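Engineer: Pasting model_26.cif below, which is mmCIF, N, CA and C atoms and all ligand atoms.
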```cif
data_input
#
loop_
_atom_site.label_atom_id
_atom_site.label_comp_id
_atom_site.auth_asym_id
_atom_site.auth_seq_id
_atom_site.Cartn_x
_atom_site.Cartn_y
_atom_site.Cartn_z
N MET A 21 0.85 -1.20 0.00
CA MET A 21 0.00 0.00 0.00
C MET A 21 0.88 1.25 0.00
N SER A 22 0.49 2.25 -0.75
CA SER A 22 1.32 3.45 -0.80
C SER A 22 1.00 4.36 0.39
N GLN A 23 2.06 4.93 0.94
CA GLN A 23 1.95 5.77 2.13
C GLN A 23 2.40 7.18 1.80
N LYS A 24 1.90 8.13 2.57
CA LYS A 24 2.32 9.51 2.41
C LYS A 24 2.40 10.17 3.78
N TYR A 25 3.53 10.78 4.06
CA TYR A 25 3.71 11.49 5.33
C TYR A 25 4.03 12.94 5.02
N GLU A 26 3.36 13.84 5.74
CA GLU A 26 3.62 15.26 5.51
C GLU A 26 3.76 15.97 6.85
N PHE A 27 4.75 16.83 6.94
CA PHE A 27 4.92 17.61 8.18
C PHE A 27 5.64 18.92 7.87
N SER A 28 5.45 19.91 8.77
CA SER A 28 5.97 21.26 8.55
C SER A 28 6.66 21.81 9.78
N PHE A 29 7.63 22.67 9.55
CA PHE A 29 8.29 23.37 10.65
C PHE A 29 8.35 24.85 10.35
N PRO A 30 7.91 25.68 11.29
CA PRO A 30 8.08 27.12 11.13
C PRO A 30 9.52 27.51 11.48
N VAL A 31 10.03 28.53 10.83
CA VAL A 31 11.38 29.03 11.13
C VAL A 31 11.31 30.56 11.24
N GLU A 32 11.81 31.09 12.34
CA GLU A 32 11.78 32.53 12.58
C GLU A 32 13.06 33.19 12.07
N GLY A 33 12.92 34.30 11.41
CA GLY A 33 14.09 35.09 11.01
C GLY A 33 14.88 35.53 12.22
N LYS A 34 16.19 35.60 12.06
CA LYS A 34 17.13 36.08 13.10
C LYS A 34 17.24 35.17 14.33
N SER A 35 16.62 33.99 14.27
CA SER A 35 16.69 33.08 15.44
C SER A 35 17.96 32.23 15.37
N PHE A 36 19.12 32.92 15.36
CA PHE A 36 20.40 32.23 15.15
C PHE A 36 20.68 31.17 16.23
N ASP A 37 20.18 31.40 17.44
CA ASP A 37 20.42 30.42 18.51
C ASP A 37 19.74 29.08 18.21
N ASP A 38 18.72 29.11 17.38
CA ASP A 38 18.00 27.88 17.04
C ASP A 38 18.44 27.28 15.71
N ALA A 39 19.47 27.86 15.10
CA ALA A 39 19.88 27.40 13.76
C ALA A 39 20.18 25.91 13.77
N GLY A 40 19.51 25.17 12.93
CA GLY A 40 19.73 23.73 12.83
C GLY A 40 18.67 22.91 13.54
N LYS A 41 17.90 23.54 14.42
CA LYS A 41 16.92 22.77 15.20
C LYS A 41 15.88 22.10 14.30
N ALA A 42 15.32 22.87 13.37
CA ALA A 42 14.28 22.30 12.50
C ALA A 42 14.86 21.17 11.66
N SER A 43 16.04 21.39 11.08
CA SER A 43 16.57 20.35 10.19
C SER A 43 17.00 19.10 10.96
N VAL A 44 17.46 19.25 12.19
CA VAL A 44 17.80 18.08 13.00
C VAL A 44 16.54 17.27 13.30
N GLU A 45 15.47 17.98 13.61
CA GLU A 45 14.19 17.32 13.91
C GLU A 45 13.64 16.62 12.64
N ILE A 46 13.78 17.28 11.51
CA ILE A 46 13.34 16.68 10.24
C ILE A 46 14.12 15.40 9.97
N LYS A 47 15.43 15.46 10.20
CA LYS A 47 16.28 14.29 9.97
C LYS A 47 15.86 13.12 10.87
N ARG A 48 15.54 13.46 12.13
CA ARG A 48 15.11 12.43 13.10
C ARG A 48 13.82 11.75 12.62
N ILE A 49 12.87 12.56 12.15
CA ILE A 49 11.60 12.00 11.68
C ILE A 49 11.83 11.12 10.44
N LEU A 50 12.67 11.61 9.52
CA LEU A 50 12.93 10.83 8.30
C LEU A 50 13.61 9.50 8.61
N LYS A 51 14.54 9.53 9.56
CA LYS A 51 15.19 8.29 9.99
C LYS A 51 14.15 7.31 10.49
N GLY A 52 13.21 7.82 11.28
CA GLY A 52 12.12 7.00 11.82
C GLY A 52 11.24 6.41 10.73
N LEU A 53 11.20 7.11 9.58
CA LEU A 53 10.41 6.60 8.46
C LEU A 53 11.22 5.63 7.60
N GLY A 54 12.45 5.38 8.02
CA GLY A 54 13.27 4.41 7.31
C GLY A 54 14.10 4.99 6.18
N ILE A 55 14.19 6.33 6.10
CA ILE A 55 15.04 6.96 5.08
C ILE A 55 16.48 6.91 5.58
N ALA A 56 17.38 6.47 4.74
CA ALA A 56 18.76 6.31 5.18
C ALA A 56 19.74 6.71 4.09
N GLY A 57 21.00 6.64 4.44
CA GLY A 57 22.08 6.78 3.47
C GLY A 57 22.08 8.09 2.73
N ASP A 58 22.31 8.00 1.43
CA ASP A 58 22.51 9.17 0.60
C ASP A 58 21.26 10.06 0.53
N VAL A 59 20.10 9.45 0.55
CA VAL A 59 18.84 10.23 0.48
C VAL A 59 18.67 11.05 1.76
N LEU A 60 18.97 10.43 2.89
CA LEU A 60 18.90 11.13 4.17
C LEU A 60 19.93 12.27 4.22
N ARG A 61 21.12 11.97 3.76
CA ARG A 61 22.21 12.96 3.76
C ARG A 61 21.85 14.17 2.91
N ARG A 62 21.34 13.92 1.71
CA ARG A 62 21.00 15.03 0.81
C ARG A 62 19.83 15.84 1.34
N THR A 63 18.85 15.15 1.93
CA THR A 63 17.70 15.87 2.51
C THR A 63 18.16 16.74 3.67
N ALA A 64 19.08 16.20 4.49
CA ALA A 64 19.56 16.95 5.65
C ALA A 64 20.31 18.21 5.23
N ILE A 65 21.13 18.09 4.20
CA ILE A 65 21.87 19.27 3.72
C ILE A 65 20.90 20.32 3.18
N ALA A 66 19.95 19.87 2.36
CA ALA A 66 19.00 20.82 1.73
C ALA A 66 18.16 21.54 2.79
N THR A 67 17.69 20.81 3.79
CA THR A 67 16.84 21.46 4.81
C THR A 67 17.69 22.35 5.71
N TYR A 68 18.90 21.92 6.06
CA TYR A 68 19.75 22.74 6.92
C TYR A 68 20.11 24.06 6.24
N GLU A 69 20.56 23.99 5.01
CA GLU A 69 20.95 25.22 4.29
C GLU A 69 19.75 26.15 4.11
N SER A 70 18.58 25.58 3.86
CA SER A 70 17.37 26.40 3.70
C SER A 70 16.97 27.05 5.01
N GLU A 71 17.08 26.27 6.08
CA GLU A 71 16.73 26.81 7.41
C GLU A 71 17.65 27.99 7.75
N VAL A 72 18.95 27.82 7.54
CA VAL A 72 19.89 28.91 7.87
C VAL A 72 19.64 30.12 6.98
N ASN A 73 19.26 29.90 5.74
CA ASN A 73 18.97 31.05 4.86
C ASN A 73 17.74 31.82 5.35
N ILE A 74 16.72 31.11 5.80
CA ILE A 74 15.55 31.83 6.35
C ILE A 74 15.98 32.65 7.56
N ILE A 75 16.73 32.01 8.47
CA ILE A 75 17.17 32.70 9.68
C ILE A 75 18.04 33.91 9.33
N SER A 76 18.91 33.75 8.35
CA SER A 76 19.86 34.82 8.01
C SER A 76 19.22 35.96 7.24
N TYR A 77 18.29 35.64 6.33
CA TYR A 77 17.86 36.66 5.36
C TYR A 77 16.38 36.99 5.39
N ALA A 78 15.53 36.06 5.85
CA ALA A 78 14.09 36.31 5.73
C ALA A 78 13.49 36.75 7.06
N TRP A 79 12.25 37.11 7.05
CA TRP A 79 11.55 37.51 8.29
C TRP A 79 11.03 36.27 9.00
N LYS A 80 10.40 35.42 8.24
CA LYS A 80 9.97 34.13 8.80
C LYS A 80 9.64 33.19 7.64
N GLY A 81 9.59 31.91 7.95
CA GLY A 81 9.32 30.98 6.87
C GLY A 81 8.83 29.64 7.39
N ASN A 82 8.72 28.73 6.45
CA ASN A 82 8.17 27.43 6.76
C ASN A 82 8.84 26.37 5.88
N ILE A 83 9.16 25.24 6.51
CA ILE A 83 9.71 24.10 5.76
C ILE A 83 8.67 23.00 5.78
N ASN A 84 8.22 22.59 4.62
CA ASN A 84 7.21 21.53 4.52
C ASN A 84 7.84 20.32 3.82
N ILE A 85 7.64 19.15 4.43
CA ILE A 85 8.22 17.92 3.88
C ILE A 85 7.09 16.96 3.55
N CYS A 86 7.15 16.40 2.38
CA CYS A 86 6.16 15.39 2.01
C CYS A 86 6.91 14.14 1.52
N VAL A 87 6.71 13.04 2.23
CA VAL A 87 7.43 11.81 1.91
C VAL A 87 6.46 10.80 1.31
N THR A 88 6.76 10.32 0.13
CA THR A 88 5.97 9.23 -0.46
C THR A 88 6.89 8.03 -0.67
N ASP A 89 6.33 6.97 -1.21
CA ASP A 89 7.15 5.78 -1.49
C ASP A 89 8.26 6.09 -2.49
N ASP A 90 8.02 7.09 -3.34
CA ASP A 90 8.95 7.37 -4.44
C ASP A 90 9.96 8.47 -4.15
N ASN A 91 9.52 9.50 -3.41
CA ASN A 91 10.41 10.65 -3.24
C ASN A 91 10.12 11.48 -1.99
N ILE A 92 10.98 12.47 -1.79
CA ILE A 92 10.80 13.45 -0.71
C ILE A 92 10.69 14.81 -1.38
N LEU A 93 9.55 15.46 -1.15
CA LEU A 93 9.35 16.80 -1.71
C LEU A 93 9.45 17.80 -0.57
N ILE A 94 10.34 18.77 -0.73
CA ILE A 94 10.56 19.79 0.30
C ILE A 94 10.16 21.14 -0.29
N ASN A 95 9.19 21.78 0.36
CA ASN A 95 8.78 23.12 -0.03
C ASN A 95 9.22 24.08 1.05
N ILE A 96 10.03 25.05 0.68
CA ILE A 96 10.48 26.05 1.66
C ILE A 96 10.01 27.42 1.19
N GLN A 97 9.24 28.03 2.07
CA GLN A 97 8.60 29.27 1.69
C GLN A 97 8.96 30.30 2.75
N ASP A 98 9.33 31.50 2.34
CA ASP A 98 9.51 32.52 3.38
C ASP A 98 8.89 33.84 2.97
N SER A 99 8.58 34.64 3.99
CA SER A 99 8.29 36.04 3.74
C SER A 99 9.56 36.78 4.08
N GLY A 100 9.95 37.66 3.19
CA GLY A 100 11.23 38.34 3.40
C GLY A 100 11.53 39.29 2.26
N PRO A 101 12.78 39.73 2.20
CA PRO A 101 13.17 40.71 1.18
C PRO A 101 13.22 40.12 -0.23
N GLY A 102 13.26 38.78 -0.31
CA GLY A 102 13.35 38.14 -1.62
C GLY A 102 14.75 38.30 -2.21
N ILE A 103 14.90 37.76 -3.42
CA ILE A 103 16.21 37.78 -4.11
C ILE A 103 16.03 38.49 -5.45
N THR A 104 16.79 39.55 -5.67
CA THR A 104 16.64 40.32 -6.91
C THR A 104 17.18 39.55 -8.11
N ASP A 105 18.38 38.99 -7.93
CA ASP A 105 19.03 38.31 -9.05
C ASP A 105 19.31 36.86 -8.64
N ILE A 106 18.44 35.97 -9.06
CA ILE A 106 18.53 34.57 -8.62
C ILE A 106 19.78 33.90 -9.19
N GLU A 107 20.09 34.20 -10.45
CA GLU A 107 21.27 33.59 -11.08
C GLU A 107 22.54 33.91 -10.29
N GLN A 108 22.64 35.16 -9.85
CA GLN A 108 23.78 35.60 -9.05
C GLN A 108 23.78 34.90 -7.68
N ALA A 109 22.61 34.80 -7.06
CA ALA A 109 22.51 34.19 -5.73
C ALA A 109 22.88 32.71 -5.76
N MET A 110 22.62 32.05 -6.90
CA MET A 110 22.90 30.62 -7.04
C MET A 110 24.40 30.34 -7.21
N ARG A 111 25.15 31.36 -7.57
CA ARG A 111 26.57 31.18 -7.91
C ARG A 111 27.39 30.85 -6.66
N GLN A 112 28.31 29.91 -6.80
CA GLN A 112 29.20 29.55 -5.69
C GLN A 112 30.01 30.76 -5.27
N GLY A 113 30.01 31.04 -3.97
CA GLY A 113 30.84 32.12 -3.45
C GLY A 113 30.14 33.47 -3.37
N TYR A 114 28.95 33.59 -3.99
CA TYR A 114 28.24 34.86 -3.88
C TYR A 114 27.46 34.91 -2.57
N SER A 115 27.68 35.96 -1.78
CA SER A 115 26.99 36.09 -0.50
C SER A 115 26.82 37.54 -0.13
N THR A 116 25.68 37.86 0.46
CA THR A 116 25.48 39.20 1.01
C THR A 116 25.52 39.16 2.54
N ALA A 117 26.02 38.05 3.09
CA ALA A 117 26.05 37.89 4.55
C ALA A 117 26.82 39.03 5.21
N ASP A 118 26.26 39.57 6.29
CA ASP A 118 26.96 40.64 7.02
C ASP A 118 27.95 40.02 8.02
N ASP A 119 28.67 40.88 8.75
CA ASP A 119 29.71 40.41 9.68
C ASP A 119 29.14 39.47 10.73
N ARG A 120 27.95 39.77 11.22
CA ARG A 120 27.34 38.96 12.27
C ARG A 120 27.13 37.52 11.77
N ILE A 121 26.62 37.40 10.55
CA ILE A 121 26.37 36.08 9.96
C ILE A 121 27.71 35.35 9.73
N ARG A 122 28.70 36.10 9.25
CA ARG A 122 30.01 35.50 8.96
C ARG A 122 30.71 35.03 10.23
N GLU A 123 30.55 35.81 11.32
CA GLU A 123 31.16 35.41 12.60
C GLU A 123 30.62 34.07 13.09
N MET A 124 29.39 33.76 12.68
CA MET A 124 28.80 32.48 13.11
C MET A 124 29.17 31.34 12.16
N GLY A 125 29.99 31.66 11.18
CA GLY A 125 30.49 30.60 10.30
C GLY A 125 29.67 30.39 9.04
N PHE A 126 28.73 31.29 8.79
CA PHE A 126 27.95 31.21 7.55
C PHE A 126 28.44 32.29 6.59
N GLY A 127 27.95 32.21 5.36
CA GLY A 127 28.28 33.27 4.42
C GLY A 127 29.34 32.90 3.41
N ALA A 128 29.55 31.61 3.20
CA ALA A 128 30.51 31.17 2.18
C ALA A 128 29.90 31.28 0.77
N GLY A 129 28.60 31.49 0.72
CA GLY A 129 27.96 31.57 -0.59
C GLY A 129 27.82 30.22 -1.25
N MET A 130 27.69 29.19 -0.44
CA MET A 130 27.62 27.82 -0.96
C MET A 130 26.25 27.16 -0.77
N GLY A 131 25.40 27.78 0.06
CA GLY A 131 24.16 27.13 0.46
C GLY A 131 23.24 26.75 -0.69
N LEU A 132 22.86 27.73 -1.50
CA LEU A 132 21.92 27.45 -2.59
C LEU A 132 22.52 26.49 -3.60
N PHE A 133 23.81 26.68 -3.88
CA PHE A 133 24.52 25.78 -4.81
C PHE A 133 24.47 24.34 -4.29
N ASN A 134 24.72 24.18 -2.98
CA ASN A 134 24.69 22.83 -2.39
C ASN A 134 23.28 22.24 -2.39
N ILE A 135 22.29 23.09 -2.14
CA ILE A 135 20.90 22.60 -2.15
C ILE A 135 20.57 22.05 -3.53
N LYS A 136 20.92 22.82 -4.56
CA LYS A 136 20.63 22.39 -5.93
C LYS A 136 21.36 21.07 -6.24
N ASN A 137 22.62 21.01 -5.78
CA ASN A 137 23.42 19.82 -5.99
C ASN A 137 22.85 18.57 -5.33
N CYS A 138 22.17 18.76 -4.23
CA CYS A 138 21.58 17.63 -3.49
C CYS A 138 20.22 17.23 -4.03
N SER A 139 19.67 18.03 -4.96
CA SER A 139 18.31 17.81 -5.45
C SER A 139 18.30 17.03 -6.75
N ASP A 140 17.26 16.23 -6.93
CA ASP A 140 17.02 15.65 -8.24
C ASP A 140 16.24 16.63 -9.11
N GLU A 141 15.36 17.39 -8.47
CA GLU A 141 14.70 18.51 -9.15
C GLU A 141 14.73 19.70 -8.22
N PHE A 142 15.00 20.88 -8.77
CA PHE A 142 15.14 22.08 -7.94
C PHE A 142 14.51 23.27 -8.65
N GLU A 143 13.66 23.99 -7.91
CA GLU A 143 13.07 25.22 -8.46
C GLU A 143 13.18 26.31 -7.41
N ILE A 144 13.52 27.50 -7.87
CA ILE A 144 13.56 28.64 -6.95
C ILE A 144 12.82 29.80 -7.61
N SER A 145 11.99 30.47 -6.83
CA SER A 145 11.35 31.68 -7.32
C SER A 145 11.29 32.67 -6.19
N SER A 146 11.26 33.94 -6.53
CA SER A 146 11.33 34.95 -5.48
C SER A 146 10.68 36.23 -5.95
N LYS A 147 10.05 36.92 -5.02
CA LYS A 147 9.48 38.23 -5.31
C LYS A 147 10.08 39.22 -4.31
N VAL A 148 10.65 40.29 -4.84
CA VAL A 148 11.29 41.28 -3.99
C VAL A 148 10.28 41.86 -3.00
N ASN A 149 10.69 41.91 -1.76
CA ASN A 149 9.85 42.39 -0.64
C ASN A 149 8.62 41.54 -0.33
N LYS A 150 8.59 40.34 -0.92
CA LYS A 150 7.51 39.39 -0.60
C LYS A 150 8.13 38.13 0.02
N GLY A 151 9.01 37.49 -0.75
CA GLY A 151 9.64 36.29 -0.21
C GLY A 151 10.14 35.35 -1.28
N THR A 152 10.58 34.21 -0.81
CA THR A 152 11.28 33.25 -1.67
C THR A 152 10.66 31.87 -1.49
N LEU A 153 10.64 31.12 -2.58
CA LEU A 153 10.07 29.78 -2.56
C LEU A 153 11.08 28.80 -3.19
N LEU A 154 11.38 27.73 -2.46
CA LEU A 154 12.22 26.67 -3.01
C LEU A 154 11.39 25.40 -3.09
N LYS A 155 11.52 24.69 -4.20
CA LYS A 155 10.92 23.37 -4.32
C LYS A 155 12.04 22.39 -4.63
N ILE A 156 12.19 21.42 -3.74
CA ILE A 156 13.30 20.48 -3.86
C ILE A 156 12.72 19.07 -3.90
N LEU A 157 13.08 18.32 -4.91
CA LEU A 157 12.63 16.94 -4.98
C LEU A 157 13.84 16.01 -4.90
N ILE A 158 13.76 15.05 -4.01
CA ILE A 158 14.82 14.05 -3.87
C ILE A 158 14.20 12.67 -4.04
N ASN A 159 14.68 11.95 -5.01
CA ASN A 159 14.15 10.59 -5.25
C ASN A 159 14.68 9.61 -4.23
N ARG A 160 13.83 8.70 -3.80
CA ARG A 160 14.26 7.73 -2.78
C ARG A 160 14.99 6.53 -3.41
N1 LIG B 201 15.63 33.06 1.68
C1 LIG B 201 16.36 34.07 1.22
N2 LIG B 201 15.85 35.33 1.21
C2 LIG B 201 16.59 36.37 0.73
N3 LIG B 201 17.83 36.24 0.24
C3 LIG B 201 18.38 35.02 0.24
C4 LIG B 201 17.69 33.88 0.72
N4 LIG B 201 18.48 32.79 0.57
C5 LIG B 201 19.60 33.24 0.01
N5 LIG B 201 19.57 34.57 -0.21
C6 LIG B 201 20.61 35.42 -0.86
O1 LIG B 201 21.41 34.59 -1.69
C7 LIG B 201 22.78 34.63 -1.27
C8 LIG B 201 23.42 33.26 -1.48
O2 LIG B 201 22.81 32.32 -0.59
P1 LIG B 201 23.62 31.01 -0.18
O3 LIG B 201 22.82 30.21 0.77
O4 LIG B 201 24.06 30.34 -1.45
O5 LIG B 201 24.94 31.57 0.49
P2 LIG B 201 25.09 32.29 1.92
O6 LIG B 201 23.87 32.05 2.75
O7 LIG B 201 25.47 33.70 1.67
O8 LIG B 201 26.33 31.51 2.53
P3 LIG B 201 26.33 29.97 3.06
O9 LIG B 201 25.00 29.39 2.71
O10 LIG B 201 27.46 29.30 2.34
O11 LIG B 201 26.56 30.06 4.53
C9 LIG B 201 22.71 35.09 0.17
O12 LIG B 201 23.92 35.71 0.59
C10 LIG B 201 21.55 36.07 0.13
O13 LIG B 201 21.95 37.29 -0.42
MG MG B 202 23.09 30.11 2.94
#
```
Would you write the structure of this file as structure tokens?

Structural biologist:
Amino acid sequence: MSQKYEFSFPVEGKSFDDAGKASVEIKRILKGLGIAGDVLRRTAIATYESEVNIISYAWKGNINICVTDDNILINIQDSGPGITDIEQAMRQGYSTADDRIREMGFGAGMGLFNIKNCSDEFEISSKVNKGTLLKILINR
């Protein structure tokens, strides 16, 4: 019988002390669902990088995970300043991180590139002063 599991985590902007909490919890749930190995690893990277981006750049957001027998679909939506030039933002090494973000070890400009790399399908869209939407599909 085919099964479907769906769950969501809210993420608050600027909540640097909580960075990683949502993605660790997501990883724990996925492990419990029997997701392992490379699929678990790629999902963990994609959710962690997305979570830190919401905390660093957006006002607030939400990570939604939908697990089926075939794949894991991750929808990450935020309200925030959005991204003016997506092509530039996707480039390795491009970052607008300020000193505070860099002091915490973020801001290498690798997050979005790594998310795309971990995805079997990846879509990003953004509206300036509205927010950003990522759709990540990882095949099981
Ligand atoms: N959710 C978002 N809302 C607004 N801007 C974003 C968002 N996510 C990324 N950006 C912009 O895209 C740039 C590149 O993001 P990316 O995650 O690749 O690198 P980074 O966050 O700067 O550094 P790293 O992820 O390596 O710590 C960011 O510096 C920021 O300007
Ligand atoms: Mg990032």

Engineer: Please check which protein, DNA or RNA residues sit within 5 Å of ligand LIG 201 (chain B), counting all atoms listed in the file, and write them as a list in words.

Structural biologist: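 Answer in the requested format: Asn73, Ile74, Tyr77, Ala78, Gly102, Ile103, Ala109, Tyr114, Ser115, Thr116, Ala117, Phe126, Gly127, Ala128, Gly129, Met130, Gly131, Leu132 and Phe133 of chain A.
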
Engineer: Which polymer residues, whether protein, DNA or RNA, lie within 7 Å of the coordinate (13.3, 39.5, 9.3) when you count only N, CA and C atoms? List them as a ChimeraX atom specification, using the chain letters and numbers from the file.

Structural biologist: /A:32-34,77-80,99-100

Engineer: I want to know what sits within 6 Å of segment 37-48 of chain A, based on all atoms listed in the file, with residues of the same chain fewer than 3 positions away left out; could you give that as a ChimeraX atom specification?

Structural biologist: /A:34,51-52,67-68

Engineer: Any idea what the distance is between atom N of Glu107 of chain A and atom CA of Ile94 of chain A?

Structural biologist: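 Calculated distance between atom N of Glu107 of chain A and atom CA of Ile94 of chain A is 20.3 Å.
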
Engineer: As a ChimeraX atom specification, please: every residue in chain A that DSSP puts in alpha helix (DSSP H).

Structural biologist: /A:41-52,57-77,106-110,119-123,131-138

Engineer: Which value, in Å to one decimal, gives the distance between atom CA of Tyr25 of chain A and atom CA of Arg160 of chain A?

Structural biologist: 13.8 Å

Engineer: To one decimal in Å, tell me the separation between atom N of Asp98 of chain A and atom N of Asp58 of chain A.

Structural biologist: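 According to the coordinates, atom N of Asp98 of chain A and atom N of Asp58 of chain A are separated by 26.9 Å.
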
Engineer: Which residue is closest to ligand MG 202 (chain B)? Choose from A:Pro101, A:Ser70, A:Asp90, A:Asp119 and count only N, CA and C atoms and all ligand atoms.

Structural biologist: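 Of all the options, A:Ser70 lies closest to ligand MG 202 (chain B).
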
Engineer: Considering only N, CA and C atoms and all ligand atoms, can you say which of A:Ser139, A:Ser76, A:Gln108, A:Asn91 comes closest to ligand MG 202 (chain B)?

Structural biologist: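 Distance minimum relative to ligand MG 202 (chain B) lands on A:Ser76.
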
Engineer: Using only C-alpha atoms and all ligand atoms, can you tell me which of A:Thr88, A:Asn134, A:Asn82, A:Ser28 comes closest to ligand MG 202 (chain B)?

Structural biologist: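 Checking each candidate against ligand MG 202 (chain B), we get A:Asn134 as the closest.
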
Engineer: Could you work out an axis-aligned bounding box for all listed atoms of segment 53-63 of chain A, with 6 Å added on each of the six sides, and give its centre and edge lengths in Å to one decimal, as JSON?

Structural biologist:
```
{"center_x": 16.5, "center_y": 10.6, "center_z": 5.0, "size_x": 24.1, "size_y": 24.3, "size_z": 21.1}
```

Engineer: Using only C-alpha atoms, what residues lie at most 8 Å away from (14.3, 26.7, -10.3) (file coordinates), given as a list in words?

Structural biologist: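 All residues meeting the 8 Å criterion around (14.3, 26.7, -10.3) are Phe142, Glu143, Ile144, Ser145, Leu154 and Lys155 of chain A.
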
Engineer: For the selection you just gave me, I'd like the residues written to a file as an mmCIF file, in the coordinates of the input, keeping N, CA and C atoms.

Structural biologist:
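Written file, part-v6.cif:
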```
data_model
loop_
_atom_site.group_PDB
_atom_site.id
_atom_site.type_symbol
_atom_site.label_atom_id
_atom_site.label_comp_id
_atom_site.auth_asym_id
_atom_site.auth_seq_id
_atom_site.Cartn_x
_atom_site.Cartn_y
_atom_site.Cartn_z
ATOM 1 N N PHE A 142 15.000 20.880 -8.770
ATOM 2 C CA PHE A 142 15.140 22.080 -7.940
ATOM 3 C C PHE A 142 14.510 23.270 -8.650
ATOM 4 N N GLU A 143 13.660 23.990 -7.910
ATOM 5 C CA GLU A 143 13.070 25.220 -8.460
ATOM 6 C C GLU A 143 13.180 26.310 -7.410
ATOM 7 N N ILE A 144 13.520 27.500 -7.870
ATOM 8 C CA ILE A 144 13.560 28.640 -6.950
ATOM 9 C C ILE A 144 12.820 29.800 -7.610
ATOM 10 N N SER A 145 11.990 30.470 -6.830
ATOM 11 C CA SER A 145 11.350 31.680 -7.320
ATOM 12 C C SER A 145 11.290 32.670 -6.190
ATOM 13 N N LEU A 154 11.380 27.730 -2.460
ATOM 14 C CA LEU A 154 12.220 26.670 -3.010
ATOM 15 C C LEU A 154 11.390 25.400 -3.090
ATOM 16 N N LYS A 155 11.520 24.690 -4.200
ATOM 17 C CA LYS A 155 10.920 23.370 -4.320
ATOM 18 C C LYS A 155 12.040 22.390 -4.630
#
```

Engineer: Would you mind telling me which residue in A:Leu60, A:Val72, A:Ile65, A:Met21 lies nearest to ligand MG 202 (chain B) when using all atoms listed in the file?

Structural biologist: A:Val72

Engineer: Using only C-alpha atoms, pick whichever of A:Ile75, A:Ile83, A:Val59, A:Ile106 has the shortest atom-to-atom distance to Asn159 of chain A.

Structural biologist: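 Selected residue with least distance to Asn159 of chain A: A:Val59.
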
Engineer: Check the DSSP output for the backbone and give back, as a list in words, the residues of segment 46-134 of chain A in strand (DSSP E or B).

Structural biologist: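 These are the residues in question: Lys80, Gly81, Asn82, Ile83, Asn84, Ile85, Cys86, Val87, Thr88, Asn91, Ile92, Leu93, Ile94, Asn95, Ile96, Gln97, Asp98 and Ser99 of chain A.
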
Engineer: Between A:Ile156, A:Ile92, A:Cys86, A:Ala66, which one has atoms that come closest to ligand MG 202 (chain B), using only C-alpha atoms and all ligand atoms?

Structural biologist: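 Using only C-alpha atoms and all ligand atoms, ligand MG 202 (chain B) sits closest to A:Ala66.
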